[in-house]
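Structure below is input11.txt: compact mmCIF, C-alpha atoms.
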# COMPACT_ATOMS: atom_id res chain seq x y z
CA MET W 1 -28.46 -4.51 68.46
CA ASP W 2 -25.50 -4.78 70.68
CA PHE W 3 -22.30 -2.97 69.70
CA GLY W 4 -20.25 -6.07 70.52
CA LYS W 5 -22.29 -8.28 68.19
CA LEU W 6 -21.91 -5.71 65.43
CA ILE W 7 -18.14 -5.75 65.76
CA GLU W 8 -18.14 -9.54 65.91
CA THR W 9 -20.24 -9.68 62.70
CA LEU W 10 -17.96 -7.16 60.97
CA MET W 11 -14.95 -9.25 61.98
CA TYR W 12 -16.38 -12.10 59.88
CA PHE W 13 -17.51 -10.01 56.91
CA ILE W 14 -14.45 -7.78 56.50
CA PRO W 15 -11.99 -10.68 55.97
CA ALA W 16 -14.55 -12.40 53.74
CA ALA W 17 -14.93 -9.20 51.67
CA ILE W 18 -11.15 -8.86 51.40
CA VAL W 19 -10.78 -12.50 50.28
CA LEU W 20 -13.66 -12.05 47.80
CA GLY W 21 -12.08 -8.85 46.41
CA ALA W 22 -8.68 -10.51 46.07
CA ALA W 23 -10.20 -13.53 44.33
CA TYR W 24 -12.09 -11.22 41.96
CA LEU W 25 -8.90 -9.33 41.08
CA LEU W 26 -6.95 -12.56 40.53
CA VAL W 27 -9.64 -14.07 38.28
CA LYS W 28 -10.04 -10.80 36.36
CA ASN W 29 -6.27 -10.51 35.87
CA PHE W 30 -6.10 -14.15 34.71
CA LEU W 31 -8.95 -13.66 32.22
CA ASP W 32 -7.45 -10.41 30.89
CA ASN W 33 -4.08 -12.08 30.36
CA SER W 34 -5.73 -15.05 28.71
CA TYR W 35 -7.64 -12.71 26.37
CA ARG W 36 -4.47 -10.80 25.46
CA LEU W 37 -2.63 -14.06 24.80
CA LYS W 38 -5.40 -15.32 22.49
CA LEU W 39 -5.44 -11.97 20.68
CA LEU W 40 -1.66 -12.11 20.25
CA GLU W 41 -1.88 -15.65 18.87
CA LEU W 42 -4.60 -14.56 16.46
CA LYS W 43 -2.55 -11.57 15.27
CA LYS W 44 0.50 -13.77 14.86
CA GLY W 45 -1.49 -16.22 12.74
CA MET W 46 -2.93 -13.42 10.63
CA GLN W 47 0.48 -11.85 10.17
CA LYS W 48 1.82 -15.20 9.00
CA ASP W 49 -0.83 -15.15 6.27
CA MET W 50 -0.41 -11.44 5.51
CA VAL W 51 3.33 -11.45 4.84
CA PRO W 52 3.05 -13.33 1.53
CA LEU W 53 0.10 -11.14 0.48
CA ARG W 54 1.99 -7.96 1.27
CA LEU W 55 5.09 -9.12 -0.58
CA GLN W 56 2.94 -10.07 -3.55
CA ALA W 57 1.37 -6.59 -3.50
CA TYR W 58 4.79 -4.94 -3.61
CA GLU W 59 5.79 -7.26 -6.46
CA ARG W 60 2.66 -6.44 -8.42
CA LEU W 61 3.09 -2.69 -7.92
CA ILE W 62 6.69 -2.85 -9.09
CA LEU W 63 5.52 -4.85 -12.11
CA LEU W 64 2.87 -2.18 -12.77
CA LEU W 65 5.50 0.56 -12.63
CA GLU W 66 7.84 -1.39 -14.90
CA ARG W 67 5.06 -2.02 -17.41
CA ILE W 68 4.13 1.67 -17.59
CA SER W 69 7.70 2.95 -17.68
CA PRO W 70 8.56 4.62 -21.01
CA ASN W 71 11.22 2.03 -21.85
CA ASN W 72 8.65 -0.74 -21.79
CA ILE W 73 5.30 0.74 -22.71
CA LEU W 74 6.54 2.63 -25.77
CA VAL W 75 8.14 -0.47 -27.22
CA ARG W 76 5.27 -2.77 -26.30
CA LEU W 77 2.49 -0.61 -27.75
CA ASN W 78 4.26 1.06 -30.64
CA ASP W 79 2.63 0.54 -33.99
CA PRO W 80 4.40 2.39 -36.83
CA ASN W 81 1.11 2.63 -38.72
CA GLN W 82 -0.51 4.75 -36.00
CA ASN W 83 -0.47 8.51 -35.87
CA ALA W 84 0.68 10.29 -32.72
CA ARG W 85 -2.86 11.00 -31.43
CA GLN W 86 -3.92 7.36 -31.69
CA PHE W 87 -0.71 6.27 -30.00
CA GLN W 88 -1.20 8.86 -27.25
CA ASN W 89 -4.69 7.49 -26.58
CA ASP W 90 -3.42 3.91 -26.56
CA LEU W 91 -0.63 4.81 -24.13
CA ILE W 92 -2.94 6.61 -21.73
CA LEU W 93 -5.51 3.82 -21.88
CA ALA W 94 -2.82 1.21 -21.20
CA ILE W 95 -1.39 3.20 -18.26
CA ARG W 96 -4.84 3.61 -16.72
CA ALA W 97 -5.75 -0.04 -17.33
CA GLU W 98 -2.56 -1.25 -15.64
CA TYR W 99 -3.23 1.05 -12.70
CA GLU W 100 -6.89 0.06 -12.36
CA HIS W 101 -5.96 -3.61 -12.56
CA ASN W 102 -3.83 -3.14 -9.43
CA LEU W 103 -6.06 -0.83 -7.38
CA THR W 104 -6.67 -3.43 -4.69
CA GLN W 105 -2.96 -3.64 -3.89
CA GLN W 106 -3.25 -0.40 -1.92
CA LEU W 107 -4.79 -2.50 0.85
CA TYR W 108 -1.45 -4.19 1.51
CA VAL W 109 1.03 -1.30 1.21
CA SER W 110 1.51 1.89 3.17
CA SER W 111 -0.43 5.00 2.23
CA LEU W 112 2.79 6.72 1.23
CA ALA W 113 3.78 3.82 -1.03
CA TRP W 114 0.40 3.93 -2.73
CA GLU W 115 0.71 7.71 -3.18
CA MET W 116 4.07 7.19 -4.87
CA VAL W 117 2.54 4.67 -7.28
CA LYS W 118 -0.37 7.00 -8.00
CA MET W 119 1.97 9.94 -8.61
CA ALA W 120 4.11 7.86 -10.97
CA LYS W 121 1.02 6.92 -12.97
CA GLU W 122 -0.11 10.56 -13.13
CA ASP W 123 3.39 11.71 -14.09
CA MET W 124 3.47 9.16 -16.90
CA VAL W 125 0.12 10.38 -18.25
CA LYS W 126 1.35 13.96 -17.98
CA LEU W 127 4.60 13.06 -19.73
CA VAL W 128 2.74 11.47 -22.64
CA ASN W 129 0.40 14.46 -22.91
CA ILE W 130 3.27 16.99 -22.85
CA ALA W 131 5.18 15.02 -25.46
CA SER W 132 2.04 14.83 -27.57
CA THR W 133 1.64 18.62 -27.60
CA ASN W 134 5.18 18.89 -28.98
CA VAL W 135 4.37 16.51 -31.85
CA GLY W 136 2.40 18.00 -34.71
CA GLU W 137 -0.92 16.76 -36.04
CA ASN W 138 0.91 14.80 -38.73
CA GLY W 139 3.26 13.11 -36.26
CA THR W 140 3.67 9.36 -36.08
CA SER W 141 3.86 7.03 -33.12
CA ILE W 142 7.64 6.99 -33.54
CA ASP W 143 7.72 10.79 -33.36
CA LEU W 144 5.73 10.64 -30.12
CA SER W 145 8.05 8.00 -28.70
CA LYS W 146 11.09 10.14 -29.50
CA GLN W 147 9.42 13.16 -27.95
CA VAL W 148 8.67 11.22 -24.75
CA PHE W 149 12.33 10.27 -24.41
CA GLU W 150 13.44 13.82 -25.16
CA GLU W 151 11.08 15.06 -22.45
CA ILE W 152 12.60 12.58 -20.00
CA LEU W 153 16.10 13.82 -20.90
CA ARG W 154 14.95 17.42 -20.33
CA THR W 155 13.50 16.70 -16.90
CA GLU W 156 16.23 14.18 -16.05
CA LYS W 157 13.79 11.89 -14.30
CA MET W 158 11.94 8.75 -15.21
CA PRO W 159 8.56 9.02 -13.47
CA THR W 160 8.43 5.39 -12.42
CA TYR W 161 11.96 4.94 -11.05
CA LYS W 162 11.42 7.02 -7.93
CA ALA W 163 8.33 5.00 -7.01
CA ILE W 164 10.11 1.69 -7.71
CA GLU W 165 13.00 2.68 -5.46
CA PHE W 166 10.57 3.76 -2.74
CA LEU W 167 8.75 0.42 -2.87
CA LYS W 168 12.01 -1.53 -2.76
CA ASN W 169 13.22 0.43 0.25
CA GLU W 170 9.93 0.00 2.07
CA VAL W 171 10.04 -3.76 1.53
CA ARG W 172 13.61 -3.88 2.84
CA GLU W 173 12.55 -1.97 5.97
CA LEU W 174 9.50 -4.14 6.59
CA PHE W 175 11.11 -7.51 6.04
Can the structure in the file be given as structure tokens, please?
Amino acid sequence: MDFGKLIETLMYFIPAAIVLGAAYLLVKNFLDNSYRLKLLELKKGMQKDMVPLRLQAYERLILLLERISPNNILVRLNDPNQNARQFQNDLILAIRAEYEHNLTQQLYVSSLAWEMVKMAKEDMVKLVNIASTNVGENGTSIDLSKQVFEEILRTEKMPTYKAIEFLKNEVRELF
């Protein structure tokens, strides 16, 4: 083959290859941008649906914490005819039931928020158990209630308040 014909052939193919490469890059860039835009629209739509679910999860967790706080649970479950051991069992069962009823809410809150809720539940169970050890075998449910409040005064902290404040602050930051 003649060197001149080779150069003449290359002169046709090189510009064609450059145009083909440029067209490929333009189409690829267009498709990538289109994909990112669709993904962004999808995320925006999902977020629109998720905001009410997340707010509802925070509401439910705060309700859980309020329901298991000593001020509420002791009054709600107190039966003067029960002894301290029966009341202790009822309190622990109620705390665990409230917690288990709201387990799925961890899907919608941060890991740290869920840890705070879990710690508050565990602290409440521990508080009831500690108070129960300070009440004798012949103690009543009222004696156990008093002992729980005395234990709170000794430690100067209500187990659920810290978690409630954390959840409120997290909601304020998110929304």
- Item | Shell of 12 Å around range 110-112 of chain W, only C-alpha atoms, local chain residues under 2 positions omitted, as a PyMOL selection string | chain W and resi 54+57-58+105-108+114-119+163+166-167+170-171+174
- Query: List as a ChimeraX atom specification: which residues have an atom within 7 Å of (0.4, 7.0, -16.5), counting only C-alpha atoms?
  - Reply: /W:68,92,95-96,120-125
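Counting only C-alpha atoms and comparing W:Ser145, W:Thr104, W:Ser34, W:Gln88, the residue that lies closest to Leu53 in chain W is W:Thr104.
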- Message: For range 146-149 of chain W, find every residue with an atom within 12 Å (counting all atoms listed in the file), except residues of its own chain fewer than 6 positions away, and show them as a PyMOL selection string.
- Response: chain W and resi 69-75+78+84+87-88+91+123-136+139-140+155-159
Just need the box for range 159-163 of chain W, edges along x, y and z, holding every atom the file lists for it with 5 Å tacked onto each side, so centre and edge lengths in Å to one decimal, as AutoDock Vina command-line options.
--center_x 10.1 --center_y 7.0 --center_z -10.2 --size_x 13.6 --size_y 14.1 --size_z 16.5
- Note on the structure: Pairwise distance, CA of Asp90 in chain W with CA of Ser141 in chain W, equals 10.3 Å
- The distance between CA of Leu65 in chain W and CA of Glu137 in chain W is 29.2 Å
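Every polymer residue reaching to within 9 Å of (3.0, -2.8, -9.6), counting all atoms listed in the file, appears in this list: W:Ala57, W:Tyr58, W:Glu59, W:Arg60, W:Leu61, W:Ile62, W:Leu63, W:Leu64, W:Leu65, W:Glu66, W:Arg67, W:Glu98, W:Tyr99, W:Asn102, W:Gln105, W:Val117, W:Ile164.
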Suppose we keep C-alpha atoms; can you now write the selection as a PDB file, keeping the file's coordinate frame?
ATOM      1  CA  ALA W  57       1.370  -6.590  -3.500  1.00  0.00           C
ATOM      2  CA  TYR W  58       4.790  -4.940  -3.610  1.00  0.00           C
ATOM      3  CA  GLU W  59       5.790  -7.260  -6.460  1.00  0.00           C
ATOM      4  CA  ARG W  60       2.660  -6.440  -8.420  1.00  0.00           C
ATOM      5  CA  LEU W  61       3.090  -2.690  -7.920  1.00  0.00           C
ATOM      6  CA  ILE W  62       6.690  -2.850  -9.090  1.00  0.00           C
ATOM      7  CA  LEU W  63       5.520  -4.850 -12.110  1.00  0.00           C
ATOM      8  CA  LEU W  64       2.870  -2.180 -12.770  1.00  0.00           C
ATOM      9  CA  LEU W  65       5.500   0.560 -12.630  1.00  0.00           C
ATOM     10  CA  GLU W  66       7.840  -1.390 -14.900  1.00  0.00           C
ATOM     11  CA  ARG W  67       5.060  -2.020 -17.410  1.00  0.00           C
ATOM     12  CA  GLU W  98      -2.560  -1.250 -15.640  1.00  0.00           C
ATOM     13  CA  TYR W  99      -3.230   1.050 -12.700  1.00  0.00           C
ATOM     14  CA  ASN W 102      -3.830  -3.140  -9.430  1.00  0.00           C
ATOM     15  CA  GLN W 105      -2.960  -3.640  -3.890  1.00  0.00           C
ATOM     16  CA  VAL W 117       2.540   4.670  -7.280  1.00  0.00           C
ATOM     17  CA  ILE W 164      10.110   1.690  -7.710  1.00  0.00           C
TER      18      ILE W 164
END
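As for CA of Val109 in chain W and CA of Leu77 in chain W, they are spaced 29.0 Å apart.
Take the candidates W:Asn138, W:Leu55, W:Leu153, W:Arg85 and check each one against Arg172 in chain W using only C-alpha atoms; the shortest distance goes to W:Leu55.
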